[in-house]
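Structure data (PDB, C-alpha atoms) from run.pdb:
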```pdb
MODEL        1
ATOM      1  CA  MET A   1     -35.427 -14.906 -11.664
ATOM      2  CA  SER A   2     -31.770 -14.025 -11.046
ATOM      3  CA  THR A   3     -28.951 -16.038 -12.518
ATOM      4  CA  VAL A   4     -26.483 -17.614 -10.088
ATOM      5  CA  THR A   5     -22.815 -17.768 -11.086
ATOM      6  CA  PHE A   6     -20.086 -19.419  -9.014
ATOM      7  CA  GLY A   7     -16.476 -18.270  -9.347
ATOM      8  CA  VAL A   8     -13.440 -20.509  -8.986
ATOM      9  CA  VAL A   9     -10.037 -18.814  -9.201
ATOM     10  CA  PRO A  10      -7.527 -20.546 -11.496
ATOM     11  CA  GLY A  11      -4.704 -22.064  -9.436
ATOM     12  CA  TYR A  12      -5.379 -22.159  -5.697
ATOM     13  CA  GLY A  13      -9.149 -21.869  -6.195
ATOM     14  CA  GLU A  14      -9.244 -24.867  -8.523
ATOM     15  CA  LYS A  15      -7.299 -26.918  -5.977
ATOM     16  CA  LEU A  16      -9.673 -25.931  -3.150
ATOM     17  CA  HIS A  17     -12.692 -26.612  -5.361
ATOM     18  CA  GLU A  18     -11.389 -30.080  -6.203
ATOM     19  CA  ILE A  19     -10.541 -30.935  -2.564
ATOM     20  CA  HIS A  20     -13.432 -29.242  -0.714
ATOM     21  CA  GLY A  21     -15.998 -28.150  -3.314
ATOM     22  CA  TYR A  22     -14.996 -24.544  -2.490
ATOM     23  CA  SER A  23     -16.124 -21.694  -4.707
ATOM     24  CA  GLY A  24     -14.541 -18.375  -3.816
ATOM     25  CA  ALA A  25     -17.348 -16.214  -5.179
ATOM     26  CA  VAL A  26     -21.005 -16.274  -6.050
ATOM     27  CA  ARG A  27     -22.948 -13.740  -8.097
ATOM     28  CA  VAL A  28     -26.725 -13.586  -7.839
ATOM     29  CA  GLY A  29     -28.031 -10.946 -10.183
ATOM     30  CA  ASP A  30     -25.966  -7.835  -9.492
ATOM     31  CA  ARG A  31     -24.879  -8.879  -5.997
ATOM     32  CA  VAL A  32     -21.505 -10.585  -5.411
ATOM     33  CA  GLU A  33     -20.392 -12.334  -2.241
ATOM     34  CA  ILE A  34     -16.903 -13.748  -1.795
ATOM     35  CA  SER A  35     -15.615 -16.022   0.919
ATOM     36  CA  GLY A  36     -12.608 -15.477   3.122
ATOM     37  CA  GLN A  37      -9.333 -15.144   1.283
ATOM     38  CA  ALA A  38      -5.962 -16.276   2.521
ATOM     39  CA  GLY A  39      -2.546 -15.033   1.484
ATOM     40  CA  VAL A  40      -1.622 -18.269  -0.273
ATOM     41  CA  ASP A  41      -0.056 -18.805  -3.667
ATOM     42  CA  ASP A  42      -1.432 -21.124  -6.348
ATOM     43  CA  ASP A  43       0.166 -24.106  -4.590
ATOM     44  CA  LEU A  44      -1.572 -23.161  -1.286
ATOM     45  CA  VAL A  45       1.762 -22.104   0.248
ATOM     46  CA  ILE A  46       1.750 -19.283   2.818
ATOM     47  CA  PRO A  47       4.751 -16.954   2.385
ATOM     48  CA  ASP A  48       7.278 -16.478   5.191
ATOM     49  CA  SER A  49       6.802 -12.700   5.196
ATOM     50  CA  LEU A  50       3.639 -11.339   6.846
ATOM     51  CA  GLU A  51       3.733  -8.357   4.487
ATOM     52  CA  GLU A  52       3.813 -10.657   1.451
ATOM     53  CA  GLU A  53       0.982 -12.746   2.907
ATOM     54  CA  ILE A  54      -1.206  -9.647   3.322
ATOM     55  CA  VAL A  55      -0.447  -8.400  -0.193
ATOM     56  CA  ARG A  56      -1.198 -11.846  -1.596
ATOM     57  CA  ALA A  57      -4.525 -12.021   0.295
ATOM     58  CA  PHE A  58      -5.664  -8.735  -1.252
ATOM     59  CA  ASP A  59      -4.447  -9.883  -4.683
ATOM     60  CA  ASN A  60      -6.522 -13.039  -4.174
ATOM     61  CA  VAL A  61      -9.585 -10.929  -3.401
ATOM     62  CA  GLU A  62      -9.086  -9.151  -6.716
ATOM     63  CA  ARG A  63      -8.641 -12.449  -8.574
ATOM     64  CA  THR A  64     -11.758 -13.861  -6.903
ATOM     65  CA  LEU A  65     -13.886 -10.847  -7.786
ATOM     66  CA  ALA A  66     -12.758 -11.144 -11.410
ATOM     67  CA  THR A  67     -14.113 -14.715 -11.661
ATOM     68  CA  VAL A  68     -17.645 -13.299 -11.523
ATOM     69  CA  GLY A  69     -16.995 -10.114 -13.496
ATOM     70  CA  ALA A  70     -16.423  -7.751 -10.560
ATOM     71  CA  SER A  71     -13.523  -5.625  -9.311
ATOM     72  CA  TRP A  72     -12.497  -3.555  -6.285
ATOM     73  CA  ARG A  73     -14.610  -0.717  -7.753
ATOM     74  CA  ASP A  74     -17.689  -2.817  -6.945
ATOM     75  CA  VAL A  75     -16.778  -3.442  -3.287
ATOM     76  CA  ILE A  76     -18.851  -1.592  -0.695
ATOM     77  CA  HIS A  77     -17.973  -3.545   2.460
ATOM     78  CA  VAL A  78     -15.037  -5.613   3.765
ATOM     79  CA  ASN A  79     -14.808  -7.702   6.922
ATOM     80  CA  SER A  80     -11.230  -8.317   7.964
ATOM     81  CA  TYR A  81     -10.335 -10.908  10.591
ATOM     82  CA  HIS A  82      -6.830 -11.363  11.963
ATOM     83  CA  LYS A  83      -5.240 -13.990  14.144
ATOM     84  CA  VAL A  84      -2.175 -13.172  16.199
ATOM     85  CA  ALA A  85       0.206 -16.087  16.435
TER      86      ALA A  85
ENDMDL
END
```
File written out as structure tokens:
Amino acid sequence: MSTVTFGVVPGYGEKLHEIHGYSGAVRVGDRVEISGQAGVDDDLVIPDSLEEEIVRAFDNVERTLATVGASWRDVIHVNSYHKVA
């Protein structure tokens, strides 16, 4: 039977876990799934600059992967959704 590991990112992930029970990642055996990532900082603040928000979102993906022992080298598929304001 595979072991299940949930990943909670220090900072923003801990806040979301406390408020909503949110875990950003789950590892089952050698498969990792992560949830949607926003471009927020550890205080859940969205930056004023769209460029900074995008960079932060990708940094948060990396941080989330690390919580379950993975990295960008392990990623084989990305869904990216965008909302135009």
| query | Which neighbours of stretch 72-78 of chain A fall inside 12 Å, counting all atoms listed in the file, when residues of the same chain fewer than 3 positions from it are skipped, and could you give them as a list of chain:residue names? | reply |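 Skipping anything fewer than 3 positions along the chain leaves A:Asp30, A:Arg31, A:Val32, A:Glu33, A:Ile34, A:Ser35, A:Gly36, A:Gln37, A:Phe58, A:Asp59, A:Asn60, A:Val61, A:Glu62, A:Arg63, A:Thr64, A:Leu65, A:Ala66, A:Val68, A:Gly69, A:Tyr81.
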Output file for the residues above (C-alpha atoms, as an mmCIF file, in the frame of the given file):
```cif
data_model
loop_
_atom_site.group_PDB
_atom_site.id
_atom_site.type_symbol
_atom_site.label_atom_id
_atom_site.label_comp_id
_atom_site.auth_asym_id
_atom_site.auth_seq_id
_atom_site.Cartn_x
_atom_site.Cartn_y
_atom_site.Cartn_z
ATOM 1 C CA ASP A 30 -25.966 -7.835 -9.492
ATOM 2 C CA ARG A 31 -24.879 -8.879 -5.997
ATOM 3 C CA VAL A 32 -21.505 -10.585 -5.411
ATOM 4 C CA GLU A 33 -20.392 -12.334 -2.241
ATOM 5 C CA ILE A 34 -16.903 -13.748 -1.795
ATOM 6 C CA SER A 35 -15.615 -16.022 0.919
ATOM 7 C CA GLY A 36 -12.608 -15.477 3.122
ATOM 8 C CA GLN A 37 -9.333 -15.144 1.283
ATOM 9 C CA PHE A 58 -5.664 -8.735 -1.252
ATOM 10 C CA ASP A 59 -4.447 -9.883 -4.683
ATOM 11 C CA ASN A 60 -6.522 -13.039 -4.174
ATOM 12 C CA VAL A 61 -9.585 -10.929 -3.401
ATOM 13 C CA GLU A 62 -9.086 -9.151 -6.716
ATOM 14 C CA ARG A 63 -8.641 -12.449 -8.574
ATOM 15 C CA THR A 64 -11.758 -13.861 -6.903
ATOM 16 C CA LEU A 65 -13.886 -10.847 -7.786
ATOM 17 C CA ALA A 66 -12.758 -11.144 -11.410
ATOM 18 C CA VAL A 68 -17.645 -13.299 -11.523
ATOM 19 C CA GLY A 69 -16.995 -10.114 -13.496
ATOM 20 C CA TYR A 81 -10.335 -10.908 10.591
#
```
| So which one's closest to A:Gly13, A:Val40, A:Met1, A:Val55, A:Leu50? Using all atoms listed in the file, please. | A:Val40
| remark: The distance between atom CA of A:Gly24 and atom CA of A:Gly11 is 11.9 Å
| request: Rank A:Leu44, A:Ala70, A:Ala57, A:Ala38 by their smallest atom-to-atom distance to A:Glu14, using all atoms listed in the file, and report the top residue only. | output: A:Leu44
| query | To one decimal place, how far is atom CA of A:Arg27 from atom CA of A:Asp43 in Å? | reply | 25.6 Å
| task | Between A:Val28, A:Asp48, A:Ser71, A:Ser80, single out the one closest to A:Ser2, counting only C-alpha atoms. | result |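 Of the candidates, the smallest distance to A:Ser2 is held by A:Val28.
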| said: Evaluated on this file, the PyMOL selection byres ((chain A and resi 6) around 6) picks out some residues - which ones are they, written as a list in words? | reply: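 Selected by the PyMOL selection byres ((chain A and resi 6) around 6) here: Thr5, Gly7, Ala25 and Val26 of chain A.
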| query | Using all atoms listed in the file, which of A:Lys83, A:Ile19, A:Arg56, A:Gly29 sits nearest A:Thr3? | reply |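 For A:Thr3, the nearest of the candidates is A:Gly29.
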| field | Computed interatomic separation between atom CA of A:His82 and atom CA of A:Thr67 (Å) | value | 24.9 Å
| said: Ranking A:Val4, A:Ser49, A:Asp41, A:Val84 by minimum distance to A:Leu16 and counting all atoms listed in the file, which one comes first? | reply: A:Asp41
Rebuild stretch 37-53 of chain A to N, CA and C atoms - output it as a PDB file, keeping the file's coordinate frame, please.
```pdb
ATOM      1  N   GLN A  37     -10.498 -14.951   2.143  1.00  0.00           N
ATOM      2  CA  GLN A  37      -9.333 -15.144   1.283  1.00  0.00           C
ATOM      3  C   GLN A  37      -8.073 -15.197   2.128  1.00  0.00           C
ATOM      4  N   ALA A  38      -7.240 -16.135   1.813  1.00  0.00           N
ATOM      5  CA  ALA A  38      -5.962 -16.276   2.521  1.00  0.00           C
ATOM      6  C   ALA A  38      -4.836 -15.765   1.625  1.00  0.00           C
ATOM      7  N   GLY A  39      -3.710 -15.519   2.222  1.00  0.00           N
ATOM      8  CA  GLY A  39      -2.546 -15.033   1.484  1.00  0.00           C
ATOM      9  C   GLY A  39      -1.703 -16.166   0.940  1.00  0.00           C
ATOM     10  N   VAL A  40      -2.332 -17.104   0.276  1.00  0.00           N
ATOM     11  CA  VAL A  40      -1.622 -18.269  -0.273  1.00  0.00           C
ATOM     12  C   VAL A  40      -1.319 -18.059  -1.745  1.00  0.00           C
ATOM     13  N   ASP A  41      -0.327 -18.823  -2.234  1.00  0.00           N
ATOM     14  CA  ASP A  41      -0.056 -18.805  -3.667  1.00  0.00           C
ATOM     15  C   ASP A  41      -0.861 -19.922  -4.328  1.00  0.00           C
ATOM     16  N   ASP A  42      -0.644 -20.128  -5.619  1.00  0.00           N
ATOM     17  CA  ASP A  42      -1.432 -21.124  -6.348  1.00  0.00           C
ATOM     18  C   ASP A  42      -1.179 -22.557  -5.905  1.00  0.00           C
ATOM     19  N   ASP A  43      -0.107 -22.778  -5.144  1.00  0.00           N
ATOM     20  CA  ASP A  43       0.166 -24.106  -4.590  1.00  0.00           C
ATOM     21  C   ASP A  43      -0.259 -24.211  -3.128  1.00  0.00           C
ATOM     22  N   LEU A  44      -1.051 -23.221  -2.660  1.00  0.00           N
ATOM     23  CA  LEU A  44      -1.572 -23.161  -1.286  1.00  0.00           C
ATOM     24  C   LEU A  44      -0.477 -22.971  -0.241  1.00  0.00           C
ATOM     25  N   VAL A  45       0.645 -22.356  -0.656  1.00  0.00           N
ATOM     26  CA  VAL A  45       1.762 -22.104   0.248  1.00  0.00           C
ATOM     27  C   VAL A  45       1.631 -20.689   0.821  1.00  0.00           C
ATOM     28  N   ILE A  46       1.768 -20.576   2.146  1.00  0.00           N
ATOM     29  CA  ILE A  46       1.750 -19.283   2.818  1.00  0.00           C
ATOM     30  C   ILE A  46       3.176 -18.743   2.833  1.00  0.00           C
ATOM     31  N   PRO A  47       3.390 -17.500   2.401  1.00  0.00           N
ATOM     32  CA  PRO A  47       4.751 -16.954   2.385  1.00  0.00           C
ATOM     33  C   PRO A  47       5.307 -16.756   3.795  1.00  0.00           C
ATOM     34  N   ASP A  48       6.617 -16.697   3.904  1.00  0.00           N
ATOM     35  CA  ASP A  48       7.278 -16.478   5.191  1.00  0.00           C
ATOM     36  C   ASP A  48       7.054 -15.064   5.710  1.00  0.00           C
ATOM     37  N   SER A  49       6.953 -14.102   4.825  1.00  0.00           N
ATOM     38  CA  SER A  49       6.802 -12.700   5.196  1.00  0.00           C
ATOM     39  C   SER A  49       5.327 -12.357   5.413  1.00  0.00           C
ATOM     40  N   LEU A  50       5.010 -11.767   6.568  1.00  0.00           N
ATOM     41  CA  LEU A  50       3.639 -11.339   6.846  1.00  0.00           C
ATOM     42  C   LEU A  50       3.186 -10.301   5.829  1.00  0.00           C
ATOM     43  N   GLU A  51       4.079  -9.383   5.473  1.00  0.00           N
ATOM     44  CA  GLU A  51       3.733  -8.357   4.487  1.00  0.00           C
ATOM     45  C   GLU A  51       3.345  -8.994   3.154  1.00  0.00           C
ATOM     46  N   GLU A  52       4.121  -9.976   2.715  1.00  0.00           N
ATOM     47  CA  GLU A  52       3.813 -10.657   1.451  1.00  0.00           C
ATOM     48  C   GLU A  52       2.499 -11.421   1.556  1.00  0.00           C
ATOM     49  N   GLU A  53       2.236 -12.016   2.710  1.00  0.00           N
ATOM     50  CA  GLU A  53       0.982 -12.746   2.907  1.00  0.00           C
ATOM     51  C   GLU A  53      -0.230 -11.806   2.799  1.00  0.00           C
TER      52      GLU A  53
END
```
